$ cat model02.tsv   # TSV, C-alpha atoms
chain	number	residue	atom	x	y	z
A	1	MET	CA	138.68	100.78	96.28
A	2	VAL	CA	141.77	98.62	95.85
A	3	GLU	CA	142.70	97.10	99.19
A	4	THR	CA	146.30	96.86	100.41
A	5	ILE	CA	146.50	94.39	103.29
A	6	LEU	CA	149.30	93.72	105.78
A	7	VAL	CA	149.26	90.39	107.62
A	8	ILE	CA	151.71	90.72	110.52
A	9	GLY	CA	152.65	87.36	111.99
A	10	ALA	CA	152.06	85.61	108.67
A	11	ASN	CA	154.22	82.57	109.54
A	12	GLY	CA	151.99	81.37	112.37
A	13	GLN	CA	149.27	78.74	112.44
A	14	ILE	CA	146.56	81.23	111.44
A	15	GLY	CA	148.67	83.46	109.21
A	16	THR	CA	149.86	80.72	106.88
A	17	GLU	CA	146.28	79.95	105.83
A	18	LEU	CA	144.85	83.46	106.13
A	19	VAL	CA	147.42	84.95	103.72
A	20	ASN	CA	146.55	82.39	101.04
A	21	HIS	CA	142.80	83.00	101.42
A	22	LEU	CA	143.18	86.78	101.35
A	23	ARG	CA	145.32	86.57	98.23
A	24	GLN	CA	142.61	84.54	96.52
A	25	VAL	CA	140.10	87.29	97.37
A	26	TYR	CA	142.15	90.47	96.86
A	27	GLY	CA	145.00	89.37	94.58
A	28	SER	CA	148.49	88.17	95.48
A	29	SER	CA	150.20	91.52	95.03
A	30	GLN	CA	147.77	93.29	97.40
A	31	VAL	CA	148.40	91.07	100.44
A	32	ILE	CA	151.78	91.60	102.10
A	33	ALA	CA	152.92	88.77	104.36
A	34	CYS	CA	154.98	90.11	107.27
A	35	ASP	CA	156.92	88.25	109.94
A	36	ILE	CA	160.06	88.38	112.03
A	37	ARG	CA	161.42	85.36	110.16
A	38	ARG	CA	161.31	84.28	106.53
A	39	PRO	CA	158.58	81.78	105.70
A	40	ASP	CA	159.60	78.30	104.58
A	41	TYR	CA	156.37	77.48	102.76
A	42	ASP	CA	154.45	78.57	99.68
A	43	ILE	CA	153.40	82.11	100.69
A	44	LYS	CA	156.98	83.37	100.34
A	45	ASP	CA	156.82	82.87	96.55
A	46	ALA	CA	153.16	83.75	96.00
A	47	GLY	CA	153.29	87.48	96.81
A	48	PRO	CA	155.16	90.20	98.69
A	49	PHE	CA	156.98	89.41	101.94
A	50	GLU	CA	158.52	91.83	104.44
A	51	PHE	CA	160.52	91.32	107.61
A	52	VAL	CA	158.59	93.03	110.41
A	53	ASN	CA	159.22	93.21	114.15
A	54	VAL	CA	156.20	94.81	115.84
A	55	LEU	CA	158.39	95.94	118.74
A	56	ASP	CA	160.74	97.85	116.37
A	57	LYS	CA	158.81	101.06	115.70
A	58	GLU	CA	161.21	102.33	113.02
A	59	ASN	CA	160.98	99.04	111.14
A	60	LEU	CA	157.19	99.06	111.46
A	61	LYS	CA	156.93	102.67	110.33
A	62	THR	CA	158.95	101.89	107.20
A	63	ILE	CA	156.42	99.21	106.23
A	64	TYR	CA	153.46	101.56	106.78
A	65	GLN	CA	155.17	104.28	104.73
A	66	LYS	CA	155.90	101.86	101.92
A	67	TYR	CA	152.45	100.26	101.61
A	68	LYS	CA	149.98	102.65	103.33
A	69	PRO	CA	147.74	99.66	104.13
A	70	SER	CA	143.96	99.92	104.01
A	71	GLN	CA	143.65	96.79	106.21
A	72	VAL	CA	145.97	95.28	108.82
A	73	TYR	CA	145.73	91.85	110.44
A	74	LEU	CA	147.94	91.67	113.54
A	75	LEU	CA	148.54	88.01	114.38
A	76	ALA	CA	152.00	88.21	116.00
A	77	ALA	CA	151.76	86.84	119.57
A	78	ILE	CA	153.25	84.49	122.13
A	79	LEU	CA	150.63	81.91	123.10
A	80	SER	CA	149.49	80.50	126.44
A	81	ALA	CA	151.85	77.63	127.28
A	82	THR	CA	154.90	79.31	125.74
A	83	GLY	CA	154.04	82.60	127.41
A	84	GLU	CA	154.16	81.06	130.89
A	85	GLN	CA	157.83	80.21	130.30
A	86	ASN	CA	158.71	83.86	129.64
A	87	PRO	CA	155.84	86.03	130.88
A	88	LYS	CA	157.46	89.45	130.53
A	89	LEU	CA	158.48	88.80	126.93
A	90	ALA	CA	154.95	87.56	126.20
A	91	TRP	CA	153.45	90.71	127.72
A	92	ASP	CA	155.87	92.96	125.82
A	93	LEU	CA	155.16	91.38	122.43
A	94	ASN	CA	151.42	90.89	122.88
A	95	MET	CA	150.72	94.31	124.40
A	96	ASN	CA	153.27	96.78	123.03
A	97	GLY	CA	153.13	95.17	119.60
A	98	LEU	CA	149.38	95.83	119.53
A	99	LEU	CA	149.76	99.45	120.66
A	100	ASN	CA	152.47	100.12	118.07
A	101	VAL	CA	150.26	98.78	115.29
A	102	LEU	CA	147.18	100.70	116.46
A	103	ASP	CA	149.13	103.96	116.59
A	104	PHE	CA	150.50	103.52	113.07
A	105	CYS	CA	147.04	102.55	111.80
A	106	LEU	CA	145.78	105.90	113.09
A	107	GLU	CA	148.74	107.80	111.64
A	108	TYR	CA	148.45	106.21	108.18
A	109	LYS	CA	144.62	106.17	108.17
A	110	THR	CA	144.18	102.41	107.91
A	111	HIS	CA	140.49	101.68	107.34
A	112	LYS	CA	140.14	98.33	109.14
A	113	VAL	CA	142.20	96.44	111.71
A	114	TYR	CA	141.92	92.81	112.81
A	115	TRP	CA	143.38	91.56	116.08
A	116	PRO	CA	142.64	88.12	117.56
A	117	SER	CA	141.68	87.58	121.17
A	118	SER	CA	141.19	84.16	122.74
A	119	ILE	CA	139.14	82.09	125.16
A	120	ALA	CA	142.23	82.55	127.37
A	121	ALA	CA	140.79	85.99	128.24
A	122	PHE	CA	138.30	84.15	130.47
A	123	GLY	CA	139.38	82.80	133.85
A	124	PRO	CA	138.56	80.60	136.86
A	125	ASN	CA	135.50	82.67	137.83
A	126	SER	CA	134.07	82.97	134.33
A	127	PRO	CA	131.03	80.73	133.66
A	128	LYS	CA	132.31	77.45	132.20
A	129	ALA	CA	129.26	76.32	130.20
A	130	ASP	CA	127.96	78.48	127.36
A	131	THR	CA	130.25	81.28	128.50
A	132	PRO	CA	128.42	84.51	127.60
A	133	GLN	CA	129.74	87.46	125.61
A	134	PHE	CA	129.82	89.65	128.72
A	135	CYS	CA	130.74	88.10	132.08
A	136	THR	CA	133.43	87.95	134.75
A	137	MET	CA	136.87	87.74	133.11
A	138	ASP	CA	139.82	87.01	135.39
A	139	PRO	CA	142.53	85.31	133.28
A	140	ASN	CA	145.43	83.80	135.21
A	141	THR	CA	148.00	83.39	132.41
A	142	VAL	CA	150.05	86.20	130.96
A	143	TYR	CA	148.62	85.32	127.53
A	144	GLY	CA	145.06	85.66	128.83
A	145	ILE	CA	145.88	88.86	130.72
A	146	SER	CA	147.38	90.38	127.56
A	147	LYS	CA	144.32	89.35	125.54
A	148	LEU	CA	141.89	90.90	128.00
A	149	ALA	CA	143.96	94.10	128.14
A	150	GLY	CA	144.19	94.10	124.33
A	151	GLU	CA	140.40	93.87	124.07
A	152	ARG	CA	140.07	96.94	126.23
A	153	TRP	CA	142.62	98.84	124.12
A	154	CYS	CA	140.80	97.87	120.92
A	155	GLU	CA	137.50	99.18	122.23
A	156	TYR	CA	139.26	102.32	123.54
A	157	TYR	CA	140.83	103.09	120.15
A	158	HIS	CA	137.44	102.58	118.49
A	159	GLN	CA	135.59	104.83	120.94
A	160	LYS	CA	138.23	107.57	121.25
A	161	HIS	CA	139.68	107.58	117.74
A	162	GLY	CA	137.03	105.96	115.53
A	163	LEU	CA	139.39	103.17	114.43
A	164	ASP	CA	137.46	100.28	112.86
A	165	ILE	CA	138.91	97.41	114.90
A	166	ARG	CA	137.40	93.92	114.77
A	167	SER	CA	138.27	90.89	116.86
A	168	LEU	CA	137.34	87.29	117.63
A	169	ARG	CA	137.96	85.24	120.76
A	170	TYR	CA	139.41	82.17	119.09
A	171	PRO	CA	138.90	78.76	120.68
A	172	GLY	CA	141.52	76.06	120.14
A	173	LEU	CA	142.31	75.91	116.41
A	174	ILE	CA	142.94	72.67	114.54
A	175	SER	CA	144.74	72.52	111.20
A	176	TRP	CA	146.68	69.99	109.14
A	177	LYS	CA	148.56	72.63	107.12
A	178	ALA	CA	150.67	74.40	109.75
A	179	ALA	CA	152.23	73.49	113.08
A	180	PRO	CA	150.58	74.77	116.28
A	181	GLY	CA	152.22	77.66	118.09
A	182	GLY	CA	152.67	76.56	121.70
A	183	GLY	CA	149.11	76.75	123.00
A	184	THR	CA	147.24	74.72	125.60
A	185	THR	CA	144.94	73.17	122.97
A	186	ASP	CA	147.82	71.89	120.79
A	187	TYR	CA	147.11	68.29	121.85
A	188	ALA	CA	144.15	68.30	119.43
A	189	ILE	CA	146.59	68.62	116.52
A	190	HIS	CA	149.44	66.43	117.80
A	191	ILE	CA	146.99	63.58	118.42
A	192	PHE	CA	146.23	63.22	114.69
A	193	HIS	CA	149.92	63.12	113.71
A	194	ASP	CA	150.72	60.47	116.33
A	195	ALA	CA	147.61	58.44	115.53
A	196	LEU	CA	148.81	58.06	111.95
A	197	LYS	CA	152.52	57.63	112.72
A	198	LYS	CA	152.47	55.53	115.90
A	199	GLY	CA	148.89	54.46	116.58
A	200	THR	CA	149.23	55.93	120.09
A	201	TYR	CA	149.26	59.36	121.74
A	202	THR	CA	149.93	60.62	125.25
A	203	SER	CA	147.74	63.62	126.06
A	204	PHE	CA	148.95	66.36	128.40
A	205	LEU	CA	145.30	67.15	129.22
A	206	SER	CA	143.08	64.77	131.18
A	207	ALA	CA	140.40	62.59	129.58
A	208	SER	CA	137.53	64.80	130.75
A	209	THR	CA	139.02	68.20	129.88
A	210	GLU	CA	136.39	69.63	127.55
A	211	LEU	CA	137.41	72.76	125.64
A	212	PRO	CA	135.98	74.84	122.77
A	213	MET	CA	137.66	73.97	119.47
A	214	MET	CA	137.36	74.97	115.83
A	215	TYR	CA	138.62	73.64	112.51
A	216	MET	CA	140.87	76.15	110.79
A	217	ASP	CA	138.67	76.31	107.68
A	218	ASP	CA	135.84	77.67	109.83
A	219	ALA	CA	138.18	80.06	111.65
A	220	ILE	CA	139.56	81.58	108.44
A	221	ARG	CA	136.11	81.87	106.88
A	222	GLY	CA	134.69	83.46	110.02
A	223	THR	CA	137.57	85.93	110.26
A	224	ILE	CA	137.10	87.12	106.70
A	225	GLU	CA	133.29	87.25	107.11
A	226	LEU	CA	133.73	89.47	110.16
A	227	MET	CA	136.09	91.79	108.29
A	228	GLU	CA	133.76	92.02	105.29
A	229	ALA	CA	130.63	92.74	107.37
A	230	PRO	CA	129.27	96.33	107.21
A	231	ALA	CA	130.65	98.48	110.03
A	232	GLU	CA	127.14	99.28	111.26
A	233	ASN	CA	126.59	95.55	111.98
A	234	ILE	CA	129.61	95.31	114.30
A	235	ASN	CA	128.24	95.95	117.78
A	236	VAL	CA	131.08	94.38	119.79
A	237	ARG	CA	134.35	96.31	119.63
A	238	SER	CA	136.21	94.40	122.32
A	239	SER	CA	136.10	90.88	120.83
A	240	TYR	CA	133.32	88.53	119.72
A	241	ASN	CA	132.79	85.12	121.29
A	242	PHE	CA	133.43	82.64	118.47
A	243	ALA	CA	132.43	78.97	118.70
A	244	GLY	CA	132.82	75.79	116.69
A	245	THR	CA	132.48	72.55	118.67
A	246	SER	CA	133.51	71.42	122.16
A	247	PHE	CA	135.05	68.06	123.07
A	248	ASN	CA	137.53	66.36	125.41
A	249	PRO	CA	140.53	64.14	124.52
A	250	GLU	CA	138.57	60.91	125.04
A	251	GLN	CA	135.77	62.02	122.70
A	252	LEU	CA	138.34	62.98	120.08
A	253	ALA	CA	140.06	59.60	120.46
A	254	GLU	CA	136.74	57.80	119.99
A	255	GLU	CA	136.19	59.68	116.74
A	256	ILE	CA	139.71	58.80	115.55
A	257	ARG	CA	139.05	55.10	116.33
A	258	LYS	CA	136.27	55.14	113.72
A	259	HIS	CA	139.10	55.49	111.20
A	260	ILE	CA	142.00	53.85	113.13
A	261	PRO	CA	140.35	51.16	115.31
A	262	ASP	CA	143.48	50.21	117.28
A	263	PHE	CA	144.39	53.78	118.27
A	264	LYS	CA	145.40	54.04	121.94
A	265	LEU	CA	145.33	57.15	124.13
A	266	ALA	CA	147.31	57.61	127.36
A	267	TYR	CA	147.64	60.57	129.73
A	268	LEU	CA	150.43	62.51	131.39
A	269	GLU	CA	150.27	63.37	135.08
A	270	ASN	CA	150.73	66.89	136.50
A	271	ASP	CA	151.39	68.73	133.25
A	272	PRO	CA	151.31	72.52	133.85
A	273	ARG	CA	149.04	73.00	130.84
A	274	GLN	CA	146.24	71.18	132.70
A	275	ALA	CA	145.84	74.05	135.16
A	276	ILE	CA	145.58	76.51	132.27
A	277	ALA	CA	142.89	74.41	130.58
A	278	ASP	CA	140.95	74.07	133.83
A	279	SER	CA	140.55	77.86	133.99
A	280	TRP	CA	139.02	78.09	130.52
A	281	PRO	CA	135.41	77.65	129.31
A	282	ARG	CA	134.02	74.26	128.27
A	283	SER	CA	131.67	75.81	125.72
A	284	ILE	CA	131.03	79.27	124.29
A	285	ASP	CA	127.85	81.26	123.62
A	286	ASP	CA	128.52	83.11	120.37
A	287	SER	CA	124.96	84.34	119.77
A	288	ALA	CA	126.21	87.94	119.34
A	289	ALA	CA	128.31	86.88	116.35
A	290	GLN	CA	125.40	84.86	114.97
A	291	THR	CA	123.09	87.87	115.24
A	292	ASP	CA	125.41	90.66	114.11
A	293	TRP	CA	127.16	89.10	111.11
A	294	LYS	CA	125.41	85.72	110.69
A	295	TRP	CA	128.25	83.51	111.90
A	296	LYS	CA	127.66	79.76	111.61
A	297	PRO	CA	130.30	76.97	111.83
A	298	GLU	CA	130.31	74.19	109.24
A	299	PHE	CA	132.66	71.56	110.73
A	300	SER	CA	131.45	69.11	113.37
A	301	LEU	CA	133.86	66.89	115.32
A	302	ALA	CA	133.18	64.00	112.92
A	303	ILE	CA	133.71	66.03	109.73
A	304	MET	CA	136.83	67.69	111.15
A	305	THR	CA	138.35	64.34	112.18
A	306	GLU	CA	137.79	62.81	108.76
A	307	SER	CA	139.28	65.87	107.04
A	308	MET	CA	142.35	65.96	109.32
A	309	LEU	CA	143.16	62.27	108.82
A	310	THR	CA	142.52	62.35	105.07
A	311	ASN	CA	144.72	65.39	104.49
A	312	LEU	CA	147.53	64.28	106.82
A	313	LYS	CA	147.71	60.90	105.08
A	314	LYS	CA	148.44	62.74	101.83
$ encode --input "model02.tsv" --output "structure tokens"
Amino acid sequence: MVETILVIGANGQIGTELVNHLRQVYGSSQVIACDIRRPDYDIKDAGPFEFVNVLDKENLKTIYQKYKPSQVYLLAAILSATGEQNPKLAWDLNMNGLLNVLDFCLEYKTHKVYWPSSIAAFGPNSPKADTPQFCTMDPNTVYGISKLAGERWCEYYHQKHGLDIRSLRYPGLISWKAAPGGGTTDYAIHIFHDALKKGTYTSFLSASTELPMMYMDDAIRGTIELMEAPAENINVRSSYNFAGTSFNPEQLAEEIRKHIPDFKLAYLENDPRQAIADSWPRSIDDSAAQTDWKWKPEFSLAIMTESMLTNLKK
């Protein structure tokens, strides 16, 4: 079967790299990059591009009619820190955008759907260490609330309609290729840029704030591995816990100093993103993903740091 794949939200931190990887696997003409704004990087010239607003049902329907996609990756979202500045817009985009896409996937008989959740779906009363696949989830940001609700909708559409939906709870994602999208873990990208440019960085999270993180290469590989796994192996239809490595700003700074010995790290006081981070897990138990589709990360903190600095220098 020849796959036709829509990637909605292709301009974001994940989409920019996912589109390129999918085009290497399935062919450039078979992967349609979709976003509300035109891309200003290489994917715009490497294959089809369509303007798509997931809240405009007529616009969305036109794209489904034109391509009749066999797979859809819905990445369009407003992230945690940005979402707190405009919570109702974040809810509208994150929730109604998902429902619009799921409905059209049913109507046009899309075979597989990918939608990302997040560690933001956990909350203050979720276990903080080795947070299990199933536990108390009481998110206190609109982003986290929308992710938890989206997980329930994904499982509902699978159970009630048989739609093959797959999802991962992403930790903080670190990449040198694309800018972060306004999340609470963005410090772990900005720190590398400032280390190289200025030799100093001021973190908006405290020195001891440990959070789950993942290098983008692992995240893209894991996403595609999940989507390529046999349907009978997928036992979680809400969203899989998905882990790479956990660290705090001070541990990351120490790793950077192995390459930039004079690097200095300072800290902001009373940044609103600190309260968001404090409600999230410190580490994730992703044994379900390891068992069901053999997930295993490849990038440690040391390997990721070396790769980030090497590539950003170029």
$ residues_around --input "model02.tsv" --residues "A:Tyr143" --least-positions-apart "6" --cutoff "7 Å" --atoms "all atoms listed in the file" --output "PyMOL selection string"
chain A and resi 79-80+83+90+120
$ atom_distance --input "model02.tsv" --atom1 "atom CA of A:Glu17" --atom2 "atom CA of A:Asp286"
23.2 Å
$ closest_residue --input "model02.tsv" --among "A:Ile5, A:Leu268, A:Leu312, A:Met214" --to "A:Ile63" --atoms "all atoms listed in the file"
A:Ile5
$ closest_residue --input "model02.tsv" --among "A:Asn11, A:Thr209, A:Thr16, A:Thr305" --to "A:Phe51" --atoms "all atoms listed in the file"
A:Asn11
$ axis_aligned_box --input "model02.tsv" --around "stretch 209-218 of chain A" --padding-each-side "6 Å" --output "JSON"
{"center_x": 138.4, "center_y": 72.9, "center_z": 118.8, "size_x": 17.0, "size_y": 21.5, "size_z": 34.2}
$ closest_residue --input "model02.tsv" --among "A:Pro249, A:Pro48, A:Pro87, A:Pro212" --to "A:Thr131" --atoms "only C-alpha atoms"
A:Pro212
$ closest_residue --input "model02.tsv" --among "A:Asn140, A:Ile224, A:Lys198, A:Lys128" --to "A:Asp262" --atoms "only C-alpha atoms"
A:Lys198
$ closest_residue --input "model02.tsv" --among "A:Cys34, A:Leu93, A:Leu102, A:Ala302" --to "A:Lys258" --atoms "all atoms listed in the file"
A:Ala302
$ atom_distance --input "model02.tsv" --atom1 "atom CA of A:His161" --atom2 "atom CA of A:Glu232"
16.4 Å
$ residues_around --input "model02.tsv" --residues "A:Leu196" --least-positions-apart "4" --cutoff "8 Å" --atoms "all atoms listed in the file" --output "compact mmCIF listing (two decimals) with C-alpha atoms, in the frame of the given file"
# COMPACT_ATOMS: atom_id res chain seq x y z
CA PHE A 192 146.23 63.22 114.69
CA LEU A 309 143.16 62.27 108.82
CA LYS A 313 147.71 60.90 105.08
$ closest_residue --input "model02.tsv" --among "A:Glu225, A:Glu3, A:Asp56, A:Glu84" --to "A:Ala289" --atoms "only C-alpha atoms"
A:Glu225
